[in-house]
Each structure stands twice: as C-alpha cells, then as structure tokens.
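Engineer: Could you have a look at this structure, given as structure tokens, before my questions?
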Amino acid sequence: MHEIISFAAIVLVVAGGLTLALAWSKLSERIPVPAAALFLILGAVLSDIFPALERHASIRTVERVVVVAVVVILFDGGMHIGWRRFRAAILPITTLGFLGTFGTAAVVAGCCHLLLDLSWITSGLIGAALAPTDPAVMFSVLGGHEVGGRTDTILEGESGANDPVGIALMLAMIQFATSSHGSFLIVVREFAVATSVGLAIGIVAGRLLVPLMRIRLPSAGLYPVRTVAACGVVYGLASVAHGSGFLAVFVAGILVGDERAPFKAEIEAFHSSLASLAEVAAFGGLGLTIDLSFVGHDWLWLKGLLIAALLVFLARPLVAGLLLLPVRLERGERLFLFWGGLKGAVPILLAAFAVLADVNDAKVIYSLVFVAVAFSVLVQGTTVPFAAGRLGIPISLVEQTPWRILVPLRSAPESILRVVVAESSAAAGMRIRDLELSDTWIGLIVREGEPLQARGTTKLRPGDELLIVSSPDSMSHFEWLFAATRE
C-alpha cells in the first residue's frame, strides 16, 4: 500500500506540474514570463522546502531526463526551421553557432579568472557551460510570435547549432580538467571528432528518414511514434560512434523539415507538444537539483549575477558583433540579436556534467551557472518581445487557427502545393491574373484565418496562404514567385 501511495504522489506532482504549465501558457499572453523561468525557480524553491525531493531527483537522473528532453526539442526545432529557412541564414547561423560558441566561452573564462579570481580550469568550464544559447527557451519565446526579417531564423538556428558545439566543447574541457596529462590538443581532438561524426550521421540520417517517413503504417497514430523512435536511434548511434548526438538529431530535423510525407502535419503537431512537455520536465528537474542555501554562500549569487551581466553586456555584443559584420542587417536587427542570446537548460546540463565528473569546484560552477541562467530566462526571456518592438523589429502573436479542412487521399498530392506569400516576394501586391501562371491555378486563399475565393482580380497580400494546383513539372517554375527575395 505504501508503494501505491508513493507512486500516486509522484503522479500527482507530475500531473499538477503539467496542469500549471498549461495554465501558465495562457497567462503568458498577458504576463510575458517564459514557463521555463517559472519551473526552474519553482523547482529550486521546492527542493529547499522539501529536501526529500532533491534526494529522489538525483543529479544523474535529472541529467538523463534533460538529455532526452534536449533531443526531442532539437529535432522539433530542426523541423520547424527546415532547410530552406536555414539555408537563407546559413552564414550568421554557422558563424554564431560555431565560432561564437568558442568566442563567448573565451571571453567569459577570461572575465571569471580576472574578476572573480577563479582558476583557469574552473573559469574555462564556466565559459564552456554558458557559451551556448538554449533551444528550449528560444523556441518557446519566439514560437508563438511572428517576427519580421531573418532574426528569428538566426536566433533559432543558432540555438540549435551551438548546443551540440557547446556540449562537445564542455566534454572536451572536462576530459582536459580530469586528465593528469591533459593538453589543449585533447580539447581540439575531442571537439573535432564529436562535431564531424555528429554532422555526418545527421546528414545520412536526414536523407534516410525522408523515404522512411513515406512507408505506410497500419495506424495514423504510429507515424509520430516512428519519428520519435528515429530520434532516439540517431542520437544513440552518433553518441556510440563518439560523435555529437545532439548535432546529429538537429541536422536530421532540418533536413526533413521541408519534406512532404504522409501525416506530416500530425507528426509536427505531436513533436511540438512533446517538445513543450520536455521543456517543462527539463527546467523543473534542473530546478530540483539546485541548493539555494549553497547559492547564498560566499556571495555566489552576486558573482553569478556579475557573470550574467558580463554575458549580456560584454561577451554577447563583442563576439556576435564581430561575427555579424559581414552580414547585411539593420542596426535594430543587430541589437535584437545581441539581446536574444538566451541561456537555459543546456548550460545547466553542461554544468551538471562537471558535477558528475567530480571536477574541482564543481558545486561552485553549478551554482554560478544556475544564477546566470535564471537571470537570462527571467530578464532577457521576458523582455524579448518588448525589445523587438523598441528596436523596430515587426513582432506579433500568432493567432491560433484551430479549424482545418482535412481531405483524405490514398497517394501523395504531387500536383497540390500550399505556399505562403512572403512580404518581399514578387507575388505580394499583384493580382492573380497578372502572375502568368499558365497551366497552374490558385484553388483557395486563406487570409487571416478565413477562406477566400480566388479570382483573377484578387490582389495577393503578404501572409496569404495559397492552395495551388499544378503539374509537378511546373511547380518549380513558379514557386519562386511566392518566396522571399534573397538579399
């Protein structure tokens, strides 16, 4: 009987947390505090009030939960971005995601050593932990908004790209810190192997997933389950091969994001919901591992705030500013990218790796990273929409459209395509009869969530969703009309 009651209590806590997350998602429309911040702080407070929670949620158990959560979030984020969006902003994403991670880690490490009098190894571990931005917070903050320009693609792409890089860097730094004959060559070698193997497996997996997703299954509900299983296979295979499983999963998600497959909408909806649950589990679990009484010891909370301020006002503007010089961006867009480098679950996860590896000052590292992440999620995450508006970045809440027209078909609708008219596209502002579509025609227009009959005199507007009927051979000739013009 005691076992049943204990398990029921666990179910009650988990279900209560999920209910709170759903309620907060509605309140966040008026109170723009990310759910991640709520659960991170709530978990930390509850673990101090009820010490038994911290005993049940060991840091190793939470680390495993967060790894699974990050895998789910990265794959969903990759699918959300897709190859077309990623390719349009590939230069800033790759430079910020790769070079920016090293630059941020170096600046933070230098500041920690010079200002806080920490050893170079401890400073390097803190810098490696705080270098990557976080996909869970980034996708959560921007996911419900429509942001003009390329800034949202850059921030989301960077958060997906630099997490695998940061994890590979952190693991290499831990090996350096725990090895009696460590050298910088170890860091370079481990990082090179992890990223190259992860990238290669991710590309191969993405290419194989596309035909796999088109194989028919007995039930519609099995299609999302298959992609979840594929995520686990990709992550596990890359990790066993000494590569970055996180990078492999993110790349695979990007490569399947734009592909058409049976029940693709249902697969994407399932993964988005699963990623939201993973975010709650990750931040809530990480919060339980924090000892707030230790954070208050020796002014660690103040040192953590100093590191957070250095990240926001020195490291991020310095590193991102230099790397974004070749990219054509407005001044407001650059400032928004500086402010949008949010930290979250991944930096705390990296600090947890240091604790599990039993490096020197591990608990100090963990506490300082927690304070910096809490500041980032609470202050930066809350003010991202406000900052976008003040900097002239068009941003608005995406209104939900809960009704869909479902037409079951036995085979892939190769002659039907759904496109969205981009603001800078050639078709924006033109009448349908002036588009010269030849044997192609627009069957339906959805404007602001309402269906609209397509007539020759109808003038297309940015944001219009079009259902186009054409022959497969003709689609590639006109699709560029509705896409954004590249700069």
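By convention in this document, the chains of the structure tokens carry letters A, B, ... by their order, each chain's residues are numbered from 1, and ligands are numbered from 1 in the order they are shown.
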Quick one: residues within 10 Å of Ala252 in chain A, only C-alpha atoms, excluding same-chain residues fewer than 2 positions away - as a list in words?

Structural biologist: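 Listed by chain and then number, they are Leu74, Phe75, Gly78, Met79, Gly82, Leu199, Ile201, Gly202, Ile203, Val204, Ala205, Gly206, Arg207, Leu208, Leu209, Val210, Ala230, Cys231, Val234, Phe246, Leu247, Ala248, Val249, Phe250, Ile254, Leu255, Val256 and Gly257 of chain A.
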
Engineer: Return as CSV the residues of range 312-413 of chain A lying at most 12 Å from range 300-306 of chain A, together with the closest atom-to-atom pair for each and the distance in Å to one decimal, counting only C-alpha atoms, with rows in chain order and ascending residue number.

Structural biologist:
residue,atom,partner,partner_atom,distance
A:Val312,CA,A:Leu306,CA,10.0
A:Phe313,CA,A:Leu306,CA,10.5
A:Leu314,CA,A:Leu306,CA,11.1
A:Lys363,CA,A:Leu300,CA,10.7
A:Val364,CA,A:Leu300,CA,7.7
A:Ile365,CA,A:Gly304,CA,9.5
A:Tyr366,CA,A:Gly304,CA,10.1
A:Ser367,CA,A:Leu300,CA,7.2
A:Leu368,CA,A:Gly304,CA,4.5
A:Val369,CA,A:Gly304,CA,6.8
A:Phe370,CA,A:Gly304,CA,7.7
A:Val371,CA,A:Gly304,CA,5.1
A:Ala372,CA,A:Gly304,CA,5.3
A:Val373,CA,A:Gly304,CA,8.9
A:Ala374,CA,A:Leu305,CA,9.2
A:Phe375,CA,A:Leu305,CA,7.1
A:Ser376,CA,A:Leu305,CA,9.7
A:Val379,CA,A:Leu305,CA,11.5

Engineer: Residues near Val419 in chain A, anyone? I mean within 9 Å using only C-alpha atoms, not counting same-chain ones fewer than 3 positions away, as a list in words.

Structural biologist: Asp464, Glu465, Leu466, Leu467, Ile468, Glu479, Phe482 and Ala483 of chain A

Engineer: Create the file for the chosen residues now, containing C-alpha atoms and written as an mmCIF file, in the first residue's frame.

Structural biologist:
data_model
loop_
_atom_site.group_PDB
_atom_site.id
_atom_site.type_symbol
_atom_site.label_atom_id
_atom_site.label_comp_id
_atom_site.auth_asym_id
_atom_site.auth_seq_id
_atom_site.Cartn_x
_atom_site.Cartn_y
_atom_site.Cartn_z
ATOM 1 C CA ASP A 464 -1.822 34.843 -47.617
ATOM 2 C CA GLU A 465 -1.849 31.036 -47.641
ATOM 3 C CA LEU A 466 -2.483 29.650 -51.107
ATOM 4 C CA LEU A 467 -3.606 26.201 -52.205
ATOM 5 C CA ILE A 468 -2.116 25.793 -55.671
ATOM 6 C CA GLU A 479 7.280 28.602 -56.638
ATOM 7 C CA PHE A 482 5.850 33.483 -53.541
ATOM 8 C CA ALA A 483 9.184 33.071 -51.761
#

Engineer: Which distance in Å separates CA of Tyr223 in chain A and CA of Leu277 in chain A, to one decimal?

Structural biologist: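 Spanning CA of Tyr223 in chain A to CA of Leu277 in chain A is a straight-line distance of 19.2 Å.
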
Engineer: Per residue of range 227-322 of chain A within 12 Å of range 89-93 of chain A, record the nearest atom pair and its distance in Å to one decimal, counting only C-alpha atoms, with rows in chain order and ascending residue number, as a Markdown table.

Structural biologist:
| residue | atom | partner | partner_atom | distance |
| --- | --- | --- | --- | --- |
| A:Ala320 | CA | A:Pro92 | CA | 9.2 |
| A:Gly321 | CA | A:Pro92 | CA | 10.9 |
| A:Leu322 | CA | A:Pro92 | CA | 11.0 |

Engineer: I'd like the interatomic distance between CA of Gly340 in chain A and CA of Leu391 in chain A, to a tenth of an Å.

Structural biologist: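 The value is 12.1 Å.
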